[in-house]
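Data file: upload11.pdb. Format and content: PDB, C-alpha atoms, pLDDT in the B column.
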ATOM      1  CA  MET L   1     -87.449  80.575  98.869  1.00 56.00           C
ATOM      2  CA  THR L   2     -83.798  80.681  97.917  1.00 70.00           C
ATOM      3  CA  ARG L   3     -81.437  83.551  98.289  1.00 75.00           C
ATOM      4  CA  LYS L   4     -78.287  84.296  96.420  1.00 76.00           C
ATOM      5  CA  HIS L   5     -75.416  84.360  98.852  1.00 75.00           C
ATOM      6  CA  ALA L   6     -73.628  87.665  99.236  1.00 74.00           C
ATOM      7  CA  ILE L   7     -70.304  85.980  99.861  1.00 79.00           C
ATOM      8  CA  ARG L   8     -68.886  84.020  96.964  1.00 75.00           C
ATOM      9  CA  ASP L   9     -65.893  81.763  96.691  1.00 78.00           C
ATOM     10  CA  PRO L  10     -62.780  83.583  95.479  1.00 79.00           C
ATOM     11  CA  GLU L  11     -61.911  83.095  91.841  1.00 85.00           C
ATOM     12  CA  PRO L  12     -58.335  82.832  90.599  1.00 88.00           C
ATOM     13  CA  SER L  13     -56.964  85.988  89.058  1.00 90.00           C
ATOM     14  CA  VAL L  14     -53.836  87.285  87.365  1.00 92.00           C
ATOM     15  CA  VAL L  15     -51.882  90.238  88.756  1.00 92.00           C
ATOM     16  CA  ILE L  16     -50.528  92.595  86.069  1.00 93.00           C
ATOM     17  CA  SER L  17     -47.905  95.280  86.723  1.00 94.00           C
ATOM     18  CA  HIS L  18     -48.227  98.920  85.615  1.00 94.00           C
ATOM     19  CA  GLY L  19     -51.963  98.842  86.300  1.00 92.00           C
ATOM     20  CA  ALA L  20     -54.320 101.660  87.068  1.00 88.00           C
ATOM     21  CA  ASP L  21     -54.898 101.137  90.794  1.00 88.00           C
ATOM     22  CA  PHE L  22     -53.092 102.865  93.660  1.00 89.00           C
ATOM     23  CA  PHE L  23     -50.412 100.186  93.894  1.00 90.00           C
ATOM     24  CA  GLY L  24     -49.754 100.090  90.145  1.00 91.00           C
ATOM     25  CA  GLU L  25     -51.288  96.646  89.690  1.00 92.00           C
ATOM     26  CA  ASP L  26     -54.380  95.243  88.044  1.00 92.00           C
ATOM     27  CA  HIS L  27     -56.151  92.033  89.040  1.00 91.00           C
ATOM     28  CA  HIS L  28     -58.022  90.297  86.217  1.00 93.00           C
ATOM     29  CA  LEU L  29     -60.039  87.102  86.468  1.00 92.00           C
ATOM     30  CA  LEU L  30     -58.349  84.075  84.963  1.00 92.00           C
ATOM     31  CA  LYS L  31     -61.400  83.023  82.961  1.00 93.00           C
ATOM     32  CA  GLU L  32     -61.642  86.456  81.311  1.00 94.00           C
ATOM     33  CA  VAL L  33     -57.944  86.570  80.446  1.00 94.00           C
ATOM     34  CA  THR L  34     -58.112  83.139  78.814  1.00 94.00           C
ATOM     35  CA  ALA L  35     -61.297  84.144  76.954  1.00 95.00           C
ATOM     36  CA  LEU L  36     -59.347  86.975  75.313  1.00 96.00           C
ATOM     37  CA  ALA L  37     -56.801  84.637  73.646  1.00 94.00           C
ATOM     38  CA  PRO L  38     -58.941  83.616  70.622  1.00 94.00           C
ATOM     39  CA  TRP L  39     -59.706  87.262  69.895  1.00 94.00           C
ATOM     40  CA  VAL L  40     -56.013  88.118  69.808  1.00 94.00           C
ATOM     41  CA  LYS L  41     -55.251  85.101  67.629  1.00 93.00           C
ATOM     42  CA  ASP L  42     -57.987  86.027  65.147  1.00 92.00           C
ATOM     43  CA  SER L  43     -57.038  89.707  65.026  1.00 90.00           C
ATOM     44  CA  VAL L  44     -54.197  88.989  62.577  1.00 89.00           C
ATOM     45  CA  SER L  45     -54.012  86.955  59.403  1.00 90.00           C
ATOM     46  CA  TYR L  46     -52.815  83.366  59.476  1.00 90.00           C
ATOM     47  CA  VAL L  47     -49.464  84.362  58.014  1.00 91.00           C
ATOM     48  CA  ASP L  48     -48.823  86.917  60.791  1.00 89.00           C
ATOM     49  CA  ARG L  49     -49.761  84.663  63.726  1.00 90.00           C
ATOM     50  CA  GLU L  50     -46.096  84.295  64.691  1.00 92.00           C
ATOM     51  CA  SER L  51     -46.048  87.969  65.673  1.00 89.00           C
ATOM     52  CA  VAL L  52     -48.733  87.498  68.345  1.00 91.00           C
ATOM     53  CA  ALA L  53     -47.716  83.990  69.457  1.00 92.00           C
ATOM     54  CA  PRO L  54     -46.063  85.106  72.743  1.00 91.00           C
ATOM     55  CA  LEU L  55     -49.113  87.178  73.687  1.00 92.00           C
ATOM     56  CA  VAL L  56     -51.525  84.360  72.809  1.00 93.00           C
ATOM     57  CA  ALA L  57     -49.433  81.925  74.873  1.00 92.00           C
ATOM     58  CA  ALA L  58     -49.511  84.336  77.810  1.00 92.00           C
ATOM     59  CA  LEU L  59     -53.278  84.708  77.571  1.00 93.00           C
ATOM     60  CA  GLU L  60     -53.966  80.978  77.184  1.00 93.00           C
ATOM     61  CA  ARG L  61     -51.740  80.023  80.130  1.00 91.00           C
ATOM     62  CA  PRO L  62     -51.449  83.070  82.415  1.00 87.00           C
ATOM     63  CA  GLU L  63     -48.531  82.378  84.702  1.00 85.00           C
ATOM     64  CA  SER L  64     -45.570  84.353  85.955  1.00 89.00           C
ATOM     65  CA  ARG L  65     -43.839  85.936  82.971  1.00 91.00           C
ATOM     66  CA  THR L  66     -42.189  89.145  81.910  1.00 94.00           C
ATOM     67  CA  PHE L  67     -42.466  91.047  78.646  1.00 94.00           C
ATOM     68  CA  PRO L  68     -39.405  93.225  77.881  1.00 94.00           C
ATOM     69  CA  ALA L  69     -40.074  96.947  77.459  1.00 92.00           C
ATOM     70  CA  GLU L  70     -39.427  96.713  73.702  1.00 91.00           C
ATOM     71  CA  ASP L  71     -42.093  94.020  73.300  1.00 92.00           C
ATOM     72  CA  SER L  72     -44.587  95.804  75.550  1.00 93.00           C
ATOM     73  CA  ALA L  73     -45.143  98.528  72.966  1.00 93.00           C
ATOM     74  CA  SER L  74     -46.086  96.073  70.210  1.00 93.00           C
ATOM     75  CA  VAL L  75     -48.229  94.051  72.634  1.00 94.00           C
ATOM     76  CA  SER L  76     -50.021  97.252  73.598  1.00 95.00           C
ATOM     77  CA  GLU L  77     -50.781  98.065  69.955  1.00 95.00           C
ATOM     78  CA  GLN L  78     -52.125  94.563  69.338  1.00 95.00           C
ATOM     79  CA  LEU L  79     -54.354  94.614  72.437  1.00 96.00           C
ATOM     80  CA  LEU L  80     -55.663  98.044  71.485  1.00 96.00           C
ATOM     81  CA  LYS L  81     -56.547  96.675  68.045  1.00 94.00           C
ATOM     82  CA  VAL L  82     -58.404  93.784  69.692  1.00 95.00           C
ATOM     83  CA  SER L  83     -60.317  96.135  72.005  1.00 95.00           C
ATOM     84  CA  ARG L  84     -61.653  97.948  68.928  1.00 94.00           C
ATOM     85  CA  ALA L  85     -62.850  94.781  67.177  1.00 92.00           C
ATOM     86  CA  ARG L  86     -66.365  95.033  65.859  1.00 89.00           C
ATOM     87  CA  PHE L  87     -68.068  92.061  67.488  1.00 92.00           C
ATOM     88  CA  ILE L  88     -66.077  91.700  70.720  1.00 93.00           C
ATOM     89  CA  GLN L  89     -68.055  91.575  73.955  1.00 94.00           C
ATOM     90  CA  PRO L  90     -67.914  94.820  75.958  1.00 95.00           C
ATOM     91  CA  ARG L  91     -66.362  93.135  79.004  1.00 96.00           C
ATOM     92  CA  LEU L  92     -63.565  91.585  76.922  1.00 96.00           C
ATOM     93  CA  ALA L  93     -63.043  94.881  75.091  1.00 96.00           C
ATOM     94  CA  ALA L  94     -62.595  96.645  78.439  1.00 96.00           C
ATOM     95  CA  LEU L  95     -60.137  93.966  79.585  1.00 96.00           C
ATOM     96  CA  SER L  96     -58.163  94.252  76.359  1.00 96.00           C
ATOM     97  CA  ARG L  97     -58.046  98.042  76.728  1.00 96.00           C
ATOM     98  CA  ALA L  98     -56.893  97.779  80.356  1.00 96.00           C
ATOM     99  CA  LEU L  99     -54.122  95.360  79.379  1.00 96.00           C
ATOM    100  CA  ALA L 100     -53.132  97.622  76.465  1.00 96.00           C
ATOM    101  CA  ASP L 101     -52.907 100.631  78.769  1.00 96.00           C
ATOM    102  CA  ALA L 102     -50.762  98.721  81.286  1.00 96.00           C
ATOM    103  CA  ALA L 103     -48.428  97.510  78.533  1.00 96.00           C
ATOM    104  CA  ALA L 104     -48.150 101.044  77.153  1.00 96.00           C
ATOM    105  CA  ARG L 105     -47.282 102.415  80.608  1.00 96.00           C
ATOM    106  CA  ALA L 106     -44.579  99.767  80.971  1.00 96.00           C
ATOM    107  CA  ALA L 107     -43.155 100.586  77.536  1.00 96.00           C
ATOM    108  CA  ALA L 108     -43.213 104.331  78.221  1.00 96.00           C
ATOM    109  CA  ALA L 109     -41.372 103.818  81.516  1.00 95.00           C
ATOM    110  CA  GLY L 110     -38.830 101.545  79.831  1.00 95.00           C
ATOM    111  CA  GLU L 111     -39.569  98.830  82.390  1.00 95.00           C
ATOM    112  CA  PRO L 112     -40.545  95.193  81.831  1.00 96.00           C
ATOM    113  CA  TRP L 113     -44.253  94.374  81.969  1.00 94.00           C
ATOM    114  CA  GLU L 114     -44.767  91.638  84.547  1.00 95.00           C
ATOM    115  CA  TRP L 115     -47.526  89.099  85.080  1.00 92.00           C
ATOM    116  CA  ARG L 116     -47.503  87.436  88.482  1.00 89.00           C
ATOM    117  CA  GLY L 117     -49.069  84.038  88.222  1.00 72.00           C
ATOM    118  CA  LEU L 118     -52.383  83.213  89.751  1.00 66.00           C
ATOM    119  CA  LYS L 119     -53.757  84.659  92.923  1.00 55.00           C
ATOM    120  CA  GLU L 120     -56.826  83.389  94.756  1.00 59.00           C
ATOM    121  CA  GLY L 121     -59.447  86.079  95.043  1.00 51.00           C
ATOM    122  CA  ALA L 122     -59.966  89.192  93.001  1.00 46.00           C
TER     123      ALA L 122
END

Turn the structure described in the file into structure tokens.
Amino acid sequence: MTRKHAIRDPEPSVVISHGADFFGEDHHLLKEVTALAPWVKDSVSYVDRESVAPLVAALERPESRTFPAEDSASVSEQLLKVSRARFIQPRLAALSRALADAAARAAAAGEPWEWRGLKEGA
């Protein structure tokens, strides 16, 4: 008889500023953030892919980076569009919505939206 262990190894995650928790941060699993990149890339036509290139690069290689407040508003709109896609998985839709909300809070505050690299554990 085998049992599933209650304690699991920590998975790498990305820390996002302007989040919804008490400290104003969100922690998202690295594998989920990278899984969102193709959805963002396919949410626009081939001609308009330049407009989402910085966001796609951030999702494919989540590392320490900062989005200026002016760019956070457009990033928020794009992520909100992705969260409403017809065939997106519910977990990825929720992640896209959480990222969109954080980017919108950063834009509304006029502050840069920061991603702090990888952190072990969620």

Answer as a ChimeraX atom specification, residues within 9 Å of (-58.8, 88.1, 74.8) using only C-alpha atoms:
/L:32-41,56,59-60,79,82-83,92-93,95-96

10 Å contact set for Asp26 in chain L, all atoms listed in the file, chain neighbours under 2 positions out, as a ChimeraX atom specification:
/L:13-24,28,98-99,102,115,122

Expected file contents, prior selection, C-alpha atoms, as a PDB file, in the coordinates of the input:
ATOM      1  CA  SER L  13     -56.964  85.988  89.058  1.00 90.00           C
ATOM      2  CA  VAL L  14     -53.836  87.285  87.365  1.00 92.00           C
ATOM      3  CA  VAL L  15     -51.882  90.238  88.756  1.00 92.00           C
ATOM      4  CA  ILE L  16     -50.528  92.595  86.069  1.00 93.00           C
ATOM      5  CA  SER L  17     -47.905  95.280  86.723  1.00 94.00           C
ATOM      6  CA  HIS L  18     -48.227  98.920  85.615  1.00 94.00           C
ATOM      7  CA  GLY L  19     -51.963  98.842  86.300  1.00 92.00           C
ATOM      8  CA  ALA L  20     -54.320 101.660  87.068  1.00 88.00           C
ATOM      9  CA  ASP L  21     -54.898 101.137  90.794  1.00 88.00           C
ATOM     10  CA  PHE L  22     -53.092 102.865  93.660  1.00 89.00           C
ATOM     11  CA  PHE L  23     -50.412 100.186  93.894  1.00 90.00           C
ATOM     12  CA  GLY L  24     -49.754 100.090  90.145  1.00 91.00           C
ATOM     13  CA  HIS L  28     -58.022  90.297  86.217  1.00 93.00           C
ATOM     14  CA  ALA L  98     -56.893  97.779  80.356  1.00 96.00           C
ATOM     15  CA  LEU L  99     -54.122  95.360  79.379  1.00 96.00           C
ATOM     16  CA  ALA L 102     -50.762  98.721  81.286  1.00 96.00           C
ATOM     17  CA  TRP L 115     -47.526  89.099  85.080  1.00 92.00           C
ATOM     18  CA  ALA L 122     -59.966  89.192  93.001  1.00 46.00           C
TER      19      ALA L 122
END

Residues within 7 Å of (-49.1, 83.9, 84.5), file coordinates, counting only C-alpha atoms: what are they? Give the list as a PyMOL selection string.
chain L and resi 14+58+61-65+115-118

Go through L:Ala94, L:Thr2, L:Ser76, L:Ala103 and flag the residue nearest Val52 in chain L, using only C-alpha atoms for the distances.
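Of L:Ala94, L:Thr2, L:Ser76, L:Ala103, the one nearest Val52 in chain L is L:Ser76, counting only C-alpha atoms.
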
Give me the residues within 9 Å of Arg105 in chain L as number ranges by chain, counting all atoms listed in the file and dropping any in the same chain fewer than 4 places off.
L: 18-19, 72-73, 100-101, 109-111, 113

With C-alpha atoms retained, write the just-selected residues as a PDB file, keeping the file's coordinate frame.
ATOM      1  CA  HIS L  18     -48.227  98.920  85.615  1.00 94.00           C
ATOM      2  CA  GLY L  19     -51.963  98.842  86.300  1.00 92.00           C
ATOM      3  CA  SER L  72     -44.587  95.804  75.550  1.00 93.00           C
ATOM      4  CA  ALA L  73     -45.143  98.528  72.966  1.00 93.00           C
ATOM      5  CA  ALA L 100     -53.132  97.622  76.465  1.00 96.00           C
ATOM      6  CA  ASP L 101     -52.907 100.631  78.769  1.00 96.00           C
ATOM      7  CA  ALA L 109     -41.372 103.818  81.516  1.00 95.00           C
ATOM      8  CA  GLY L 110     -38.830 101.545  79.831  1.00 95.00           C
ATOM      9  CA  GLU L 111     -39.569  98.830  82.390  1.00 95.00           C
ATOM     10  CA  TRP L 113     -44.253  94.374  81.969  1.00 94.00           C
TER      11      TRP L 113
END

Calculate how many Å separate CA of Glu11 in chain L from CA of Ala107 in chain L, rounding to one decimal.
29.4 Å

Enter the distance from CA of Ala108 in chain L to CA of Glu77 in chain L, in Å, rounded to one decimal.
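Going from CA of Ala108 in chain L over to CA of Glu77 in chain L covers 12.8 Å.
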
Using the file's own x, y and z axes, what box holds all listed atoms of range 20-36 of chain L with 5 Å on each side, keeping edges along x, y and z, and what are its centre and edge lengths in Å to one decimal, as JSON?
{"center_x": -55.7, "center_y": 92.9, "center_z": 84.6, "size_x": 21.9, "size_y": 29.8, "size_z": 28.6}

Calculated over all atoms listed in the file, which of the candidates L:Ala57, L:Glu25, L:Arg84, L:Phe67 has the smallest distance to Glu114 in chain L?
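Closest to Glu114 in chain L, using all atoms listed in the file: L:Phe67.
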
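Straight-line separation from CA of Arg49 in chain L to CA of Ser74 in chain L: 13.6 Å.
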
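Closest to Phe87 in chain L among L:Ser51, L:His27, L:Asp71, L:Ser43 is L:Ser43, based on only C-alpha atoms.
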
Would you mind writing range 26-37 of chain L with all heavy atoms, as a short mmCIF file (atom, residue, chain, number, x, y, z; two decimals), in the coordinates of the input?
data_model
loop_
_atom_site.label_atom_id
_atom_site.label_comp_id
_atom_site.auth_asym_id
_atom_site.auth_seq_id
_atom_site.Cartn_x
_atom_site.Cartn_y
_atom_site.Cartn_z
N ASP L 26 -53.01 95.58 88.41
CA ASP L 26 -54.38 95.24 88.04
C ASP L 26 -54.59 93.77 88.34
O ASP L 26 -53.69 92.96 88.14
CB ASP L 26 -54.65 95.49 86.55
CG ASP L 26 -54.91 96.95 86.24
OD1 ASP L 26 -55.27 97.71 87.17
OD2 ASP L 26 -54.77 97.33 85.08
N HIS L 27 -55.77 93.42 88.80
CA HIS L 27 -56.15 92.03 89.04
C HIS L 27 -57.27 91.69 88.06
O HIS L 27 -58.31 92.34 88.07
CB HIS L 27 -56.65 91.84 90.48
CG HIS L 27 -55.64 92.20 91.51
ND1 HIS L 27 -54.90 91.26 92.16
CD2 HIS L 27 -55.22 93.40 91.98
CE1 HIS L 27 -54.08 91.86 93.01
NE2 HIS L 27 -54.27 93.17 92.91
N HIS L 28 -57.03 90.71 87.21
CA HIS L 28 -58.02 90.30 86.22
C HIS L 28 -58.35 88.83 86.43
O HIS L 28 -57.46 88.02 86.70
CB HIS L 28 -57.49 90.52 84.80
CG HIS L 28 -57.14 91.94 84.51
ND1 HIS L 28 -58.10 92.92 84.37
CD2 HIS L 28 -55.95 92.56 84.36
CE1 HIS L 28 -57.50 94.08 84.13
NE2 HIS L 28 -56.19 93.88 84.13
N LEU L 29 -59.62 88.49 86.28
CA LEU L 29 -60.04 87.10 86.47
C LEU L 29 -59.41 86.21 85.41
O LEU L 29 -59.32 86.57 84.24
CB LEU L 29 -61.55 86.98 86.40
CG LEU L 29 -62.32 87.66 87.53
CD1 LEU L 29 -63.82 87.51 87.31
CD2 LEU L 29 -61.94 87.07 88.87
N LEU L 30 -59.01 85.04 85.85
CA LEU L 30 -58.35 84.08 84.96
C LEU L 30 -59.24 83.69 83.79
O LEU L 30 -58.78 83.64 82.65
CB LEU L 30 -57.95 82.83 85.76
CG LEU L 30 -57.37 81.67 84.98
CD1 LEU L 30 -56.03 82.08 84.38
CD2 LEU L 30 -57.20 80.47 85.86
N LYS L 31 -60.52 83.46 84.04
CA LYS L 31 -61.40 83.02 82.96
C LYS L 31 -61.59 84.11 81.90
O LYS L 31 -61.76 83.82 80.73
CB LYS L 31 -62.74 82.56 83.51
CG LYS L 31 -63.57 83.62 84.18
CD LYS L 31 -64.85 83.06 84.74
CE LYS L 31 -65.63 84.12 85.48
NZ LYS L 31 -66.85 83.57 86.05
N GLU L 32 -61.52 85.37 82.29
CA GLU L 32 -61.64 86.46 81.31
C GLU L 32 -60.36 86.62 80.50
O GLU L 32 -60.42 86.89 79.30
CB GLU L 32 -62.01 87.76 82.01
CG GLU L 32 -63.41 87.74 82.60
CD GLU L 32 -63.74 89.01 83.33
OE1 GLU L 32 -62.87 89.88 83.46
OE2 GLU L 32 -64.88 89.13 83.78
N VAL L 33 -59.23 86.45 81.15
CA VAL L 33 -57.94 86.57 80.45
C VAL L 33 -57.82 85.46 79.41
O VAL L 33 -57.41 85.70 78.27
CB VAL L 33 -56.76 86.54 81.44
CG1 VAL L 33 -55.44 86.46 80.72
CG2 VAL L 33 -56.80 87.78 82.33
N THR L 34 -58.20 84.24 79.78
CA THR L 34 -58.11 83.14 78.81
C THR L 34 -59.15 83.28 77.70
O THR L 34 -58.92 82.82 76.59
CB THR L 34 -58.28 81.77 79.51
OG1 THR L 34 -59.50 81.76 80.24
CG2 THR L 34 -57.12 81.49 80.45
N ALA L 35 -60.28 83.93 77.98
CA ALA L 35 -61.30 84.14 76.95
C ALA L 35 -60.84 85.16 75.91
O ALA L 35 -61.39 85.21 74.80
CB ALA L 35 -62.61 84.60 77.59
N LEU L 36 -59.84 85.96 76.24
CA LEU L 36 -59.35 86.98 75.31
C LEU L 36 -58.39 86.40 74.27
O LEU L 36 -58.20 86.97 73.20
CB LEU L 36 -58.65 88.08 76.11
CG LEU L 36 -58.28 89.36 75.41
CD1 LEU L 36 -59.52 90.04 74.82
CD2 LEU L 36 -57.58 90.29 76.38
N ALA L 37 -57.81 85.23 74.55
CA ALA L 37 -56.80 84.64 73.65
C ALA L 37 -57.31 84.40 72.22
O ALA L 37 -56.61 84.75 71.27
CB ALA L 37 -56.27 83.34 74.25
#
